[in-house]
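Novice: protein-v8.cif is reproduced below (mmCIF, C-alpha atoms and all ligand atoms).
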data_coords
#
loop_
_atom_site.label_atom_id
_atom_site.label_comp_id
_atom_site.auth_asym_id
_atom_site.auth_seq_id
_atom_site.Cartn_x
_atom_site.Cartn_y
_atom_site.Cartn_z
CA MET A 1 10.06 -35.77 17.51
CA LEU A 2 6.78 -37.55 17.32
CA VAL A 3 4.11 -36.31 14.93
CA GLU A 4 0.57 -37.61 14.88
CA GLY A 5 -1.99 -36.31 12.43
CA ASP A 6 -1.17 -32.66 11.82
CA ARG A 7 0.34 -32.01 15.26
CA ILE A 8 3.60 -32.42 17.12
CA VAL A 9 3.07 -34.83 20.00
CA SER A 10 6.47 -34.85 21.69
CA VAL A 11 10.06 -33.74 21.29
CA THR A 12 12.54 -36.02 23.06
CA PRO A 13 16.32 -35.81 22.57
CA GLY A 14 17.63 -39.27 21.77
CA GLY A 15 14.12 -40.71 21.82
CA HIS A 16 13.17 -43.92 20.05
CA ALA A 17 10.29 -44.24 17.62
CA PRO A 18 7.43 -46.41 18.84
CA VAL A 19 7.06 -49.65 16.86
CA GLY A 20 5.09 -49.28 13.67
CA MET A 21 5.74 -45.56 13.25
CA GLN A 22 7.10 -44.20 10.00
CA VAL A 23 10.58 -42.84 10.66
CA LEU A 24 12.10 -39.88 8.84
CA GLU A 25 15.84 -39.67 9.44
CA LEU A 26 16.93 -36.21 8.30
CA GLY A 27 20.62 -36.56 9.15
CA ASN A 28 22.81 -33.59 10.00
CA VAL A 29 20.44 -30.69 9.47
CA THR A 30 19.08 -27.72 11.34
CA LEU A 31 15.37 -28.07 11.94
CA LEU A 32 13.27 -24.94 12.35
CA PRO A 33 9.58 -24.12 12.68
CA GLY A 34 7.84 -23.56 9.35
CA LEU A 35 8.52 -19.99 8.24
CA ILE A 36 5.88 -17.25 8.26
CA ASP A 37 5.64 -14.29 5.90
CA VAL A 38 3.13 -11.73 7.22
CA HIS A 39 2.92 -9.70 4.01
CA VAL A 40 2.46 -11.38 0.65
CA HIS A 41 0.22 -10.99 -2.37
CA ILE A 42 0.02 -14.64 -3.22
CA THR A 43 -2.43 -14.46 -6.12
CA GLY A 44 -0.15 -12.42 -8.37
CA ASP A 45 3.51 -12.20 -9.34
CA SER A 46 5.23 -9.40 -11.20
CA THR A 47 7.41 -11.85 -13.12
CA ILE A 48 4.47 -13.16 -15.17
CA SER A 49 4.12 -9.70 -16.67
CA THR A 50 4.28 -9.60 -20.45
CA GLY A 51 6.58 -6.59 -20.18
CA ASN A 52 3.74 -4.27 -21.09
CA TYR A 53 2.22 -2.76 -17.94
CA TYR A 54 -0.97 -1.48 -19.55
CA ARG A 55 -1.57 -4.55 -21.69
CA ASP A 56 -1.38 -6.67 -18.53
CA ILE A 57 -3.88 -4.46 -16.73
CA LEU A 58 -6.26 -4.42 -19.69
CA THR A 59 -6.13 -8.10 -20.62
CA ARG A 60 -5.84 -10.02 -17.35
CA SER A 61 -9.11 -10.63 -15.50
CA PRO A 62 -9.61 -11.81 -11.92
CA ILE A 63 -10.32 -15.24 -13.40
CA ASP A 64 -6.88 -15.30 -15.04
CA GLU A 65 -5.44 -14.37 -11.68
CA ALA A 66 -7.38 -17.09 -9.89
CA VAL A 67 -6.26 -19.74 -12.38
CA THR A 68 -2.55 -19.07 -11.78
CA ALA A 69 -2.67 -18.37 -8.04
CA HIS A 70 -1.96 -22.01 -7.04
CA LEU A 71 1.47 -21.78 -8.72
CA PHE A 72 2.58 -19.12 -6.28
CA ALA A 73 1.08 -20.90 -3.30
CA LYS A 74 3.16 -23.96 -4.14
CA ARG A 75 6.35 -21.98 -4.71
CA THR A 76 5.87 -20.28 -1.36
CA LEU A 77 5.36 -23.57 0.45
CA ASP A 78 8.34 -25.20 -1.27
CA ALA A 79 10.49 -22.32 -0.03
CA GLY A 80 9.61 -23.29 3.56
CA PHE A 81 6.87 -20.75 4.22
CA THR A 82 4.07 -22.79 5.75
CA THR A 83 1.98 -19.79 6.85
CA VAL A 84 1.40 -16.46 5.09
CA ARG A 85 -0.78 -13.44 5.60
CA ASN A 86 -2.12 -12.30 2.25
CA LEU A 87 -2.50 -8.54 2.47
CA GLY A 88 -4.82 -7.98 -0.42
CA SER A 89 -6.05 -9.49 -3.63
CA GLY A 90 -9.03 -8.82 -5.86
CA SER A 91 -12.33 -10.67 -6.15
CA TYR A 92 -11.82 -12.68 -2.92
CA ILE A 93 -9.35 -14.95 -4.74
CA ASP A 94 -7.30 -15.28 -1.56
CA VAL A 95 -10.32 -16.68 0.30
CA ALA A 96 -10.94 -19.27 -2.42
CA LEU A 97 -7.26 -20.20 -2.45
CA ARG A 98 -7.14 -20.48 1.36
CA ASN A 99 -10.22 -22.69 1.39
CA ALA A 100 -8.94 -25.01 -1.35
CA ILE A 101 -5.63 -25.39 0.50
CA ASP A 102 -7.37 -26.01 3.84
CA ARG A 103 -9.50 -28.70 2.23
CA GLY A 104 -6.37 -30.36 0.85
CA LEU A 105 -7.38 -29.84 -2.78
CA ILE A 106 -4.21 -27.97 -3.69
CA GLU A 107 -0.86 -27.49 -1.99
CA GLY A 108 0.05 -24.23 -0.37
CA PRO A 109 0.74 -22.50 2.92
CA ARG A 110 -1.85 -21.74 5.57
CA ILE A 111 -3.29 -18.41 4.49
CA LEU A 112 -4.79 -15.56 6.47
CA ALA A 113 -6.64 -13.57 3.84
CA ALA A 114 -7.29 -9.83 3.84
CA THR A 115 -9.46 -9.85 0.68
CA LEU A 116 -9.98 -6.33 -0.71
CA PRO A 117 -7.69 -3.70 0.78
CA LEU A 118 -9.57 -0.59 1.89
CA GLY A 119 -8.48 2.71 0.42
CA ALA A 120 -9.62 6.20 -0.46
CA THR A 121 -10.74 7.32 -3.91
CA GLY A 122 -7.64 8.27 -5.88
CA GLY A 123 -5.39 6.39 -3.50
CA HIS A 124 -3.14 3.34 -3.44
CA ALA A 125 -6.04 0.85 -3.52
CA ASP A 126 -7.95 2.63 -6.30
CA ASP A 127 -7.15 0.74 -9.52
CA THR A 128 -8.17 3.57 -11.84
CA THR A 129 -6.00 6.26 -10.27
CA GLY A 130 -4.05 7.85 -13.11
CA PHE A 131 -6.37 6.50 -15.83
CA ALA A 132 -8.59 8.60 -18.08
CA PRO A 133 -11.86 9.47 -16.31
CA ASN A 134 -13.95 7.39 -18.74
CA ILE A 135 -12.12 4.18 -17.89
CA GLU A 136 -13.73 1.94 -15.30
CA PHE A 137 -13.21 -1.67 -14.23
CA HIS A 138 -16.13 -3.85 -13.26
CA GLY A 139 -16.19 -5.68 -9.99
CA GLU A 140 -16.01 -4.86 -6.33
CA THR A 141 -13.10 -2.87 -4.95
CA GLY A 142 -11.99 -1.87 -1.47
CA VAL A 143 -12.43 1.83 -2.24
CA ALA A 144 -14.50 3.37 0.55
CA ASN A 145 -14.75 6.96 1.78
CA GLY A 146 -16.08 8.28 5.06
CA VAL A 147 -16.66 6.68 8.41
CA ASP A 148 -19.89 4.90 7.51
CA ALA A 149 -18.56 3.54 4.22
CA VAL A 150 -15.35 2.18 5.71
CA ARG A 151 -17.33 0.43 8.43
CA ALA A 152 -19.58 -1.11 5.80
CA ARG A 153 -16.53 -2.19 3.76
CA VAL A 154 -14.97 -3.91 6.78
CA ARG A 155 -18.22 -5.79 7.39
CA GLU A 156 -18.45 -6.83 3.76
CA ASN A 157 -14.88 -8.17 3.80
CA VAL A 158 -15.61 -10.12 6.98
CA LYS A 159 -18.80 -11.47 5.44
CA ARG A 160 -16.81 -12.68 2.41
CA GLY A 161 -14.24 -14.50 4.52
CA ALA A 162 -11.53 -12.02 5.52
CA ASP A 163 -9.27 -13.12 8.40
CA VAL A 164 -7.57 -9.73 8.66
CA ILE A 165 -8.32 -6.20 7.46
CA LYS A 166 -5.83 -4.24 5.35
CA PHE A 167 -6.13 -0.56 4.57
CA MET A 168 -4.03 2.06 2.83
CA ALA A 169 -3.13 4.72 5.39
CA SER A 170 -0.76 6.43 2.99
CA ALA A 171 0.06 6.63 -0.68
CA GLY A 172 2.39 4.05 -2.17
CA VAL A 173 5.08 3.28 -4.68
CA LEU A 174 3.49 0.93 -7.20
CA SER A 175 0.42 2.99 -8.03
CA ASN A 176 -0.14 6.23 -9.90
CA GLU A 177 -0.49 8.81 -7.13
CA THR A 178 2.22 11.45 -7.19
CA SER A 179 3.07 11.25 -3.51
CA VAL A 180 4.54 8.15 -1.89
CA GLY A 181 3.77 8.88 1.74
CA ALA A 182 0.89 11.32 2.11
CA PRO A 183 -1.98 10.23 4.37
CA GLN A 184 -4.97 8.98 2.37
CA TYR A 185 -7.49 8.58 5.17
CA SER A 186 -8.54 10.97 7.92
CA GLN A 187 -7.92 10.05 11.54
CA ALA A 188 -11.66 9.48 11.95
CA GLU A 189 -11.71 7.00 9.04
CA MET A 190 -8.69 5.09 10.35
CA ASP A 191 -10.22 5.00 13.86
CA ALA A 192 -13.46 3.63 12.41
CA ILE A 193 -11.73 0.89 10.39
CA VAL A 194 -9.82 -0.35 13.43
CA ASP A 195 -12.81 -0.10 15.77
CA GLU A 196 -15.03 -2.02 13.37
CA ALA A 197 -12.45 -4.70 12.51
CA HIS A 198 -11.60 -5.33 16.15
CA ARG A 199 -15.28 -5.65 17.06
CA TRP A 200 -15.44 -8.50 14.54
CA GLY A 201 -12.32 -10.03 16.02
CA LYS A 202 -10.08 -9.18 13.05
CA LYS A 203 -6.61 -7.69 13.24
CA VAL A 204 -5.71 -4.68 11.14
CA ALA A 205 -2.68 -4.08 8.94
CA ALA A 206 -2.05 -0.56 7.66
CA HIS A 207 0.02 0.14 4.57
CA ALA A 208 1.95 3.31 5.46
CA HIS A 209 5.16 4.76 4.05
CA GLY A 210 4.71 8.34 5.24
CA THR A 211 5.76 9.74 8.62
CA GLU A 212 2.38 11.24 9.49
CA ALA A 213 0.27 8.38 8.14
CA ILE A 214 2.29 5.88 10.19
CA LYS A 215 1.54 7.81 13.38
CA MET A 216 -2.13 8.21 12.52
CA ALA A 217 -2.42 4.46 11.94
CA ILE A 218 -0.68 3.65 15.23
CA ARG A 219 -2.93 6.09 17.11
CA ALA A 220 -5.93 4.43 15.49
CA GLY A 221 -4.77 1.17 17.09
CA VAL A 222 -3.68 -0.93 14.09
CA ASP A 223 -1.96 -4.22 14.88
CA SER A 224 0.80 -3.72 12.32
CA VAL A 225 2.20 -1.00 10.13
CA GLU A 226 3.46 -2.25 6.76
CA HIS A 227 6.46 -0.69 4.94
CA CYS A 228 7.18 1.98 7.63
CA SER A 229 9.59 3.72 5.23
CA PHE A 230 9.62 7.25 6.66
CA ILE A 231 8.94 6.41 10.31
CA ASP A 232 10.52 9.00 12.66
CA ASP A 233 11.58 8.85 16.32
CA GLU A 234 8.13 9.86 17.50
CA GLY A 235 6.60 7.09 15.37
CA LEU A 236 9.02 4.54 16.83
CA LYS A 237 8.08 5.69 20.33
CA LEU A 238 4.36 5.56 19.58
CA ALA A 239 4.72 2.03 18.22
CA ARG A 240 6.40 0.94 21.46
CA GLN A 241 3.72 2.61 23.56
CA HIS A 242 0.90 0.98 21.60
CA GLY A 243 2.61 -2.40 21.14
CA THR A 244 2.31 -2.01 17.36
CA TRP A 245 4.21 -4.44 15.13
CA LEU A 246 6.38 -2.94 12.41
CA VAL A 247 6.82 -4.80 9.13
CA PHE A 248 9.56 -3.56 6.78
CA ASP A 249 9.71 -5.15 3.31
CA ILE A 250 13.39 -4.34 2.87
CA TYR A 251 14.32 -6.77 0.11
CA ASN A 252 11.86 -5.29 -2.41
CA ASP A 253 13.99 -2.31 -3.40
CA ASP A 254 16.72 -4.45 -5.02
CA PHE A 255 14.25 -6.29 -7.22
CA ILE A 256 12.20 -3.24 -8.22
CA LEU A 257 15.24 -1.22 -9.24
CA ALA A 258 16.80 -4.12 -11.15
CA GLU A 259 13.73 -5.48 -12.92
CA TYR A 260 10.77 -3.13 -13.00
CA GLY A 261 12.08 -1.04 -15.89
CA LYS A 262 12.11 -4.24 -18.00
CA LEU A 263 8.61 -5.13 -16.85
CA GLY A 264 7.35 -1.88 -18.35
CA VAL A 265 6.34 -0.31 -15.04
CA PRO A 266 5.84 3.47 -15.48
CA PRO A 267 9.02 5.44 -14.73
CA GLU A 268 7.09 7.64 -12.28
CA GLN A 269 6.60 4.60 -10.04
CA ILE A 270 10.26 3.63 -10.23
CA ALA A 271 11.15 7.22 -9.35
CA LYS A 272 9.01 6.85 -6.22
CA GLU A 273 10.88 3.67 -5.29
CA LYS A 274 14.12 5.65 -5.32
CA LEU A 275 12.65 7.92 -2.65
CA VAL A 276 11.93 5.08 -0.20
CA GLY A 277 14.43 2.24 -0.76
CA ARG A 278 17.43 3.47 1.18
CA VAL A 279 15.63 5.43 3.89
CA GLN A 280 13.40 2.43 4.63
CA ARG A 281 16.47 0.31 5.31
CA GLU A 282 18.04 3.00 7.49
CA ASN A 283 14.82 3.22 9.48
CA PHE A 284 14.69 -0.56 9.76
CA ARG A 285 18.08 -0.35 11.49
CA LYS A 286 16.80 2.37 13.83
CA ALA A 287 13.76 0.27 14.65
CA VAL A 288 15.95 -2.74 15.50
CA ARG A 289 18.10 -0.56 17.78
CA ALA A 290 15.00 0.91 19.43
CA GLY A 291 13.80 -2.60 20.30
CA GLU A 292 10.56 -2.41 18.30
CA LYS A 293 8.29 -5.41 17.77
CA MET A 294 9.18 -6.48 14.22
CA ALA A 295 7.77 -9.22 12.03
CA PHE A 296 8.92 -10.65 8.71
CA GLY A 297 6.87 -9.42 5.76
CA THR A 298 8.24 -9.28 2.25
CA ASP A 299 5.45 -8.06 -0.06
CA ALA A 300 6.25 -11.13 -2.21
CA GLY A 301 4.38 -10.90 -5.45
CA VAL A 302 6.10 -7.58 -6.01
CA TYR A 303 9.10 -9.89 -6.33
CA PRO A 304 8.93 -13.62 -7.14
CA HIS A 305 7.09 -15.93 -4.78
CA GLY A 306 9.52 -18.48 -3.42
CA TRP A 307 12.19 -15.84 -2.96
CA ASN A 308 10.70 -14.79 0.38
CA ALA A 309 13.75 -15.96 2.35
CA LYS A 310 16.07 -13.55 0.56
CA GLN A 311 14.92 -10.92 3.02
CA PHE A 312 16.66 -12.69 5.94
CA ALA A 313 20.11 -11.65 4.75
CA LYS A 314 18.88 -8.07 4.30
CA GLU A 315 17.55 -8.04 7.85
CA VAL A 316 20.93 -9.13 9.14
CA GLU A 317 22.78 -6.68 6.87
CA TRP A 318 20.65 -3.88 8.33
CA GLY A 319 21.04 -4.64 12.02
CA MET A 320 19.29 -7.79 13.20
CA THR A 321 21.16 -10.77 14.57
CA PRO A 322 20.43 -14.00 12.67
CA LEU A 323 18.36 -15.15 15.65
CA GLN A 324 16.28 -11.97 15.60
CA ALA A 325 15.71 -12.42 11.88
CA ILE A 326 14.60 -16.04 12.38
CA ARG A 327 12.30 -15.03 15.23
CA SER A 328 10.79 -12.31 13.04
CA ALA A 329 9.56 -15.05 10.69
CA THR A 330 8.59 -17.63 13.32
CA ILE A 331 7.63 -16.91 16.92
CA ASP A 332 7.23 -13.14 16.44
CA ALA A 333 5.27 -13.41 13.20
CA ALA A 334 2.99 -15.96 14.89
CA ASP A 335 2.36 -13.48 17.68
CA LEU A 336 1.40 -10.69 15.25
CA ILE A 337 -1.07 -12.83 13.32
CA GLY A 338 -2.69 -14.14 16.50
CA TRP A 339 -1.54 -17.72 15.96
CA LYS A 340 1.12 -18.07 18.64
CA ASP A 341 -0.82 -21.02 20.03
CA ARG A 342 -0.41 -23.09 16.84
CA VAL A 343 2.56 -22.06 14.63
CA GLY A 344 6.03 -20.55 14.93
CA VAL A 345 7.61 -23.00 17.38
CA ILE A 346 8.42 -26.69 17.49
CA LYS A 347 6.55 -27.86 20.56
CA PRO A 348 3.94 -30.47 21.47
CA GLY A 349 0.43 -29.37 20.54
CA TYR A 350 1.58 -27.17 17.68
CA TYR A 351 1.06 -27.86 13.98
CA ALA A 352 3.79 -30.11 12.63
CA ASP A 353 5.04 -27.35 10.33
CA MET A 354 8.82 -27.39 9.95
CA VAL A 355 11.73 -26.92 7.62
CA ALA A 356 15.26 -28.25 7.55
CA VAL A 357 18.40 -26.69 6.13
CA GLY A 358 21.85 -28.17 5.61
CA GLY A 359 23.87 -25.46 7.34
CA ASP A 360 23.61 -23.40 10.51
CA PRO A 361 21.35 -20.39 9.94
CA LEU A 362 22.69 -18.76 13.10
CA ALA A 363 26.10 -18.62 11.41
CA ASP A 364 24.77 -17.77 7.94
CA VAL A 365 21.13 -16.81 7.73
CA SER A 366 21.14 -17.08 3.93
CA THR A 367 21.08 -20.90 4.32
CA LEU A 368 17.32 -20.35 4.78
CA GLU A 369 17.20 -19.58 1.05
CA HIS A 370 17.96 -23.27 0.44
CA VAL A 371 15.42 -25.21 2.42
CA GLY A 372 15.79 -28.93 1.70
CA PHE A 373 12.86 -30.31 3.65
CA VAL A 374 9.40 -28.92 4.30
CA MET A 375 6.66 -30.49 6.41
CA LYS A 376 3.24 -28.88 6.73
CA GLY A 377 0.67 -30.30 9.12
CA GLY A 378 2.59 -33.57 9.43
CA ARG A 379 2.83 -34.10 5.68
CA VAL A 380 6.16 -33.96 3.87
CA VAL A 381 5.68 -31.50 1.03
CA ARG A 382 9.31 -31.31 0.01
CA GLY A 383 12.47 -33.36 0.51
N1 LIG B 1 3.55 -2.41 -2.35
C1 LIG B 1 4.47 -1.37 -1.95
C2 LIG B 1 4.03 -0.06 -2.56
O1 LIG B 1 3.67 -0.05 -3.70
C3 LIG B 1 5.85 -1.71 -2.39
C4 LIG B 1 6.92 -0.86 -1.85
C5 LIG B 1 8.23 -1.44 -2.25
N2 LIG B 1 9.38 -0.66 -1.94
C6 LIG B 1 10.06 -0.76 -0.84
N3 LIG B 1 11.15 -0.07 -0.75
N4 LIG B 1 9.74 -1.51 0.12
O2 LIG B 1 4.06 0.94 -1.91
#
Would you mind giving the structure from this file in structure tokens?
Specialist:
Amino acid sequence: MLVEGDRIVSVTPGGHAPVGMQVLELGNVTLLPGLIDVHVHITGDSTISTGNYYRDILTRSPIDEAVTAHLFAKRTLDAGFTTVRNLGSGSYIDVALRNAIDRGLIEGPRILAATLPLGATGGHADDTTGFAPNIEFHGETGVANGVDAVRARVRENVKRGADVIKFMASAGVLSNETSVGAPQYSQAEMDAIVDEAHRWGKKVAAHAHGTEAIKMAIRAGVDSVEHCSFIDDEGLKLARQHGTWLVFDIYNDDFILAEYGKLGVPPEQIAKEKLVGRVQRENFRKAVRAGEKMAFGTDAGVYPHGWNAKQFAKEVEWGMTPLQAIRSATIDAADLIGWKDRVGVIKPGYYADMVAVGGDPLADVSTLEHVGFVMKGGRVVRG
């Protein structure tokens, strides 16, 4: 394989390196395209919690978050993830991080940034849900209500550098609403978000656990549904009809149930996790059987950055073949994010993003948890 600059130039079995080229002899390894995680929150990480949920909220500012974000970018890259889609962070930190990485100032994966996730008042994106009414945080949020306001919010995100638009179609787990799956936007609001985002050439990712909210989001024309926990047969059929990608973060449940009590997360949130964990995995299996378009998204940040690859074994445990799981994080993920012309395969013209592992991931997909070599854009970043 010949790499020049940041691109792959040729792939020739048994080929010889032209004179004067630097040669990297990797030995007996399996080489794969750089991995892609389509759902991360790269600017934060639950494991840096002090163990006191409210103290963390009340003492950490967006500047604190910005200062530590590079740590998680590096951990993600070292784990072999050379491209990620960041589905939400505050204060446009993901845009600043993306730009610094693109300029070569710090090391990290290629980032598609969603900036502020849109959501309804009192919903999953509203940081003061569950707080006393006199408590307010300064700074911009993605909270927007009504067709005109959501259109304006999409435009503002685009203006500030968003590559993709994220909105909360339903309630969630790690927030203080009582429901986990109830719709939080009207059909008209969801339609407006998608219409506006697509006009600006941006794809849309909808957070949706609930059965009805998933279908509303698909009907609105979103490009991907995130979480998908309570998707039913009609939802699976709608997704096929609309060509909607489904992204199930099925590793999360293990980490939340094992660790979040110790991190001081309110018991009401952990109780909500118990409602979705198992059923989400069962519905993942149904989605695989139904032949849905599925991409690899972990929600890393909820669990430690750098552990992204742990989800591969879960995907295989719950019905994918190892090859399907690998495709979900390479060629299929590239398709969802609109980058199938530049990442996700090892082929001339593509970015020289690749990883190597010692074993055969088709025999044991968990070998992807131990990536020994990472190249991004022709530069060796690990190994
Ligand atoms: N960010 C998501 C939420 O708060 C995490 C859901 C995690 N649980 C799961 N079983 N995937 O809703």
Novice: Mind pulling up the distance from CA of Ala205 (chain A) to CA of Val154 (chain A)?
Specialist: 12.5 Å
Novice: Residues within 6 Å of ligand LIG 1 (chain B), counting all atoms listed in the file: report them as JSON, numbers by chain.
Specialist: {"A": [172, 173, 174, 227, 249, 250, 252, 253, 273, 276, 277]}
Novice: Could you list, with a cut-off of 7 Å and counting only C-alpha atoms, the residues of region 1-62 of chain A near region 376-383 of chain A, each shown with its nearest atom pair and the distance in Å rounded to one decimal, rows sorted by chain and ascending number, as CSV?
Specialist:
residue,atom,partner,partner_atom,distance
A:Val3,CA,A:Gly378,CA,6.3
A:Gly5,CA,A:Gly378,CA,6.1
A:Asp6,CA,A:Gly377,CA,4.0
A:Arg7,CA,A:Gly377,CA,6.4
Novice: Can you list, as a list in words, every protein, DNA or RNA residue that comes within 10 Å of Gly80 (chain A) when you count all atoms listed in the file, leaving out same-chain residues fewer than 6 positions away?
Specialist: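 These residues fall inside the cut-off: Leu32, Pro33, Gly34, Leu35, Ile36, Pro109, Gly306, Asn308, Ala309, Asp353, Met354, Val355, Ala356, Val357, Leu368, Glu369, His370, Val371, Gly372, Phe373, Val374, Met375, Lys376, Val381 and Arg382 of chain A.
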Novice: May I have the residues within 10 Å of Ser366 (chain A) as a ChimeraX atom specification, using all atoms listed in the file and disregarding those fewer than 2 positions away in the same chain?
Specialist: /A:309-314,316,322,359-364,368-370
Novice: Now that the selection is made, can you save its residues with C-alpha atoms as a PDB file, in the coordinates of the input?
Specialist:
ATOM      1  CA  ALA A 309      13.750 -15.960   2.350  1.00  0.00           C
ATOM      2  CA  LYS A 310      16.070 -13.550   0.560  1.00  0.00           C
ATOM      3  CA  GLN A 311      14.920 -10.920   3.020  1.00  0.00           C
ATOM      4  CA  PHE A 312      16.660 -12.690   5.940  1.00  0.00           C
ATOM      5  CA  ALA A 313      20.110 -11.650   4.750  1.00  0.00           C
ATOM      6  CA  LYS A 314      18.880  -8.070   4.300  1.00  0.00           C
ATOM      7  CA  VAL A 316      20.930  -9.130   9.140  1.00  0.00           C
ATOM      8  CA  PRO A 322      20.430 -14.000  12.670  1.00  0.00           C
ATOM      9  CA  GLY A 359      23.870 -25.460   7.340  1.00  0.00           C
ATOM     10  CA  ASP A 360      23.610 -23.400  10.510  1.00  0.00           C
ATOM     11  CA  PRO A 361      21.350 -20.390   9.940  1.00  0.00           C
ATOM     12  CA  LEU A 362      22.690 -18.760  13.100  1.00  0.00           C
ATOM     13  CA  ALA A 363      26.100 -18.620  11.410  1.00  0.00           C
ATOM     14  CA  ASP A 364      24.770 -17.770   7.940  1.00  0.00           C
ATOM     15  CA  LEU A 368      17.320 -20.350   4.780  1.00  0.00           C
ATOM     16  CA  GLU A 369      17.200 -19.580   1.050  1.00  0.00           C
ATOM     17  CA  HIS A 370      17.960 -23.270   0.440  1.00  0.00           C
TER      18      HIS A 370
END
Novice: Using all atoms listed in the file, which of the listed residues (A:Ala271, A:Leu31, A:Ile111, A:Ile326) sits closest to Thr76 (chain A)?
Specialist: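 Looking at the shortest contact to Thr76 (chain A), the residue is A:Ile111.
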Novice: Just the number, please: distance in Å from CA of Asp299 (chain A) to CA of Asp37 (chain A), one decimal.
Specialist: 8.6 Å
Novice: Can you list, as a VMD selection string, every protein, DNA or RNA residue that comes within 10 Å of Ala287 (chain A) when you count all atoms listed in the file, leaving out same-chain residues fewer than 5 positions away?
Specialist: chain A and resid 228 231 to 233 235 to 237 239 246 248 281 to 282 292 to 294 319 to 320
Novice: Figure out the distance between CA of Val180 (chain A) and CA of Gly210 (chain A), please, to one decimal in Å.
Specialist: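 So the answer is 7.1 Å.
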Novice: Excluding Tyr303 (chain A) and its own-chain neighbours fewer than 3 positions away, which residues fall within 9 Å of it when counting only C-alpha atoms? Please give them as an NGL selection string.
Specialist: :A and (45-47 or 251-252 or 255-256 or 298-300 or 307-308)
Novice: Atoms to include: C-alpha atoms. Write the selected residues as a compact mmCIF listing (two decimals), keeping the file's coordinate frame.
Specialist:
# COMPACT_ATOMS: atom_id res chain seq x y z
CA ASP A 45 3.51 -12.20 -9.34
CA SER A 46 5.23 -9.40 -11.20
CA THR A 47 7.41 -11.85 -13.12
CA TYR A 251 14.32 -6.77 0.11
CA ASN A 252 11.86 -5.29 -2.41
CA PHE A 255 14.25 -6.29 -7.22
CA ILE A 256 12.20 -3.24 -8.22
CA THR A 298 8.24 -9.28 2.25
CA ASP A 299 5.45 -8.06 -0.06
CA ALA A 300 6.25 -11.13 -2.21
CA TRP A 307 12.19 -15.84 -2.96
CA ASN A 308 10.70 -14.79 0.38
Novice: Using all atoms listed in the file, pick whichever of A:Ile218, A:Pro13, A:Asp126, A:Ala69 has the shortest atom-to-atom distance to Arg98 (chain A).
Specialist: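 Residue with the minimum atom-to-atom distance to Arg98 (chain A): A:Ala69.
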Novice: Can you build me a table of region 211-253 of chain A residues sitting at most 12 Å from region 333-337 of chain A, with the closest atom pair per residue and its distance in Å to one decimal, using only C-alpha atoms, sorted by chain and residue number, as a tab-separated table?
Specialist:
residue	atom	partner	partner_atom	distance
A:Val222	CA	A:Leu336	CA	11.1
A:Asp223	CA	A:Leu336	CA	7.3
A:Ser224	CA	A:Leu336	CA	7.6
A:Val225	CA	A:Leu336	CA	11.0
A:Gly243	CA	A:Leu336	CA	10.2
A:Thr244	CA	A:Leu336	CA	9.0
A:Trp245	CA	A:Leu336	CA	6.9
A:Leu246	CA	A:Leu336	CA	9.6
A:Val247	CA	A:Ala333	CA	9.6
Novice: Looking at A:Asp64, A:Glu212, A:Asp341, A:Asp94, which one is nearest to His41 (chain A), with distances taken over only C-alpha atoms?
Specialist: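 Among A:Asp64, A:Glu212, A:Asp341, A:Asp94, it is A:Asp94 that comes nearest to His41 (chain A).
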Novice: Restricting the calculation to all atoms listed in the file: of A:Leu275, A:Leu2, A:Met190, A:Ala169, which residue gets closest to Ala208 (chain A)?
Specialist: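 Nearest to Ala208 (chain A): A:Ala169.
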Novice: Please list as a count of residues only every residue within 8 Å of Thr43 (chain A), counting only C-alpha atoms and excluding residues in the same chain fewer than 6 positions away.
Specialist: 11
Novice: For each of A:His16, A:His207, A:Arg160, A:Arg155, take the minimum atom-to-atom distance to Gly119 (chain A), counting all atoms listed in the file, then give the residue where this is smallest.
Specialist: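 Under the stated criterion, the closest residue is A:His207.
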Novice: May I ask which of the residues A:Thr115, A:Thr128, A:Thr211, A:Thr50 is the closest one to Phe167 (chain A), counting only C-alpha atoms?
Specialist: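 Checking each of A:Thr115, A:Thr128, A:Thr211, A:Thr50 against Phe167 (chain A), counting only C-alpha atoms, the winner is A:Thr115.
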Novice: Could region 150-154 of chain A be completed with N, CA, C and O atoms and returned as a PDB file, in the frame of the given file?
Specialist:
ATOM      1  N   VAL A 150     -16.449   3.094   5.355  1.00  0.00           N
ATOM      2  CA  VAL A 150     -15.350   2.180   5.710  1.00  0.00           C
ATOM      3  C   VAL A 150     -15.840   1.096   6.677  1.00  0.00           C
ATOM      4  O   VAL A 150     -15.400  -0.054   6.595  1.00  0.00           O
ATOM      5  N   ARG A 151     -16.766   1.469   7.552  1.00  0.00           N
ATOM      6  CA  ARG A 151     -17.330   0.430   8.430  1.00  0.00           C
ATOM      7  C   ARG A 151     -18.057  -0.626   7.611  1.00  0.00           C
ATOM      8  O   ARG A 151     -17.908  -1.830   7.841  1.00  0.00           O
ATOM      9  N   ALA A 152     -18.835  -0.170   6.643  1.00  0.00           N
ATOM     10  CA  ALA A 152     -19.580  -1.110   5.800  1.00  0.00           C
ATOM     11  C   ALA A 152     -18.616  -2.005   5.013  1.00  0.00           C
ATOM     12  O   ALA A 152     -18.849  -3.205   4.851  1.00  0.00           O
ATOM     13  N   ARG A 153     -17.514  -1.427   4.550  1.00  0.00           N
ATOM     14  CA  ARG A 153     -16.530  -2.190   3.760  1.00  0.00           C
ATOM     15  C   ARG A 153     -15.861  -3.263   4.632  1.00  0.00           C
ATOM     16  O   ARG A 153     -15.636  -4.393   4.175  1.00  0.00           O
ATOM     17  N   VAL A 154     -15.550  -2.917   5.861  1.00  0.00           N
ATOM     18  CA  VAL A 154     -14.970  -3.910   6.780  1.00  0.00           C
ATOM     19  C   VAL A 154     -15.949  -5.074   6.960  1.00  0.00           C
ATOM     20  O   VAL A 154     -15.581  -6.248   6.876  1.00  0.00           O
TER      21      VAL A 154
END
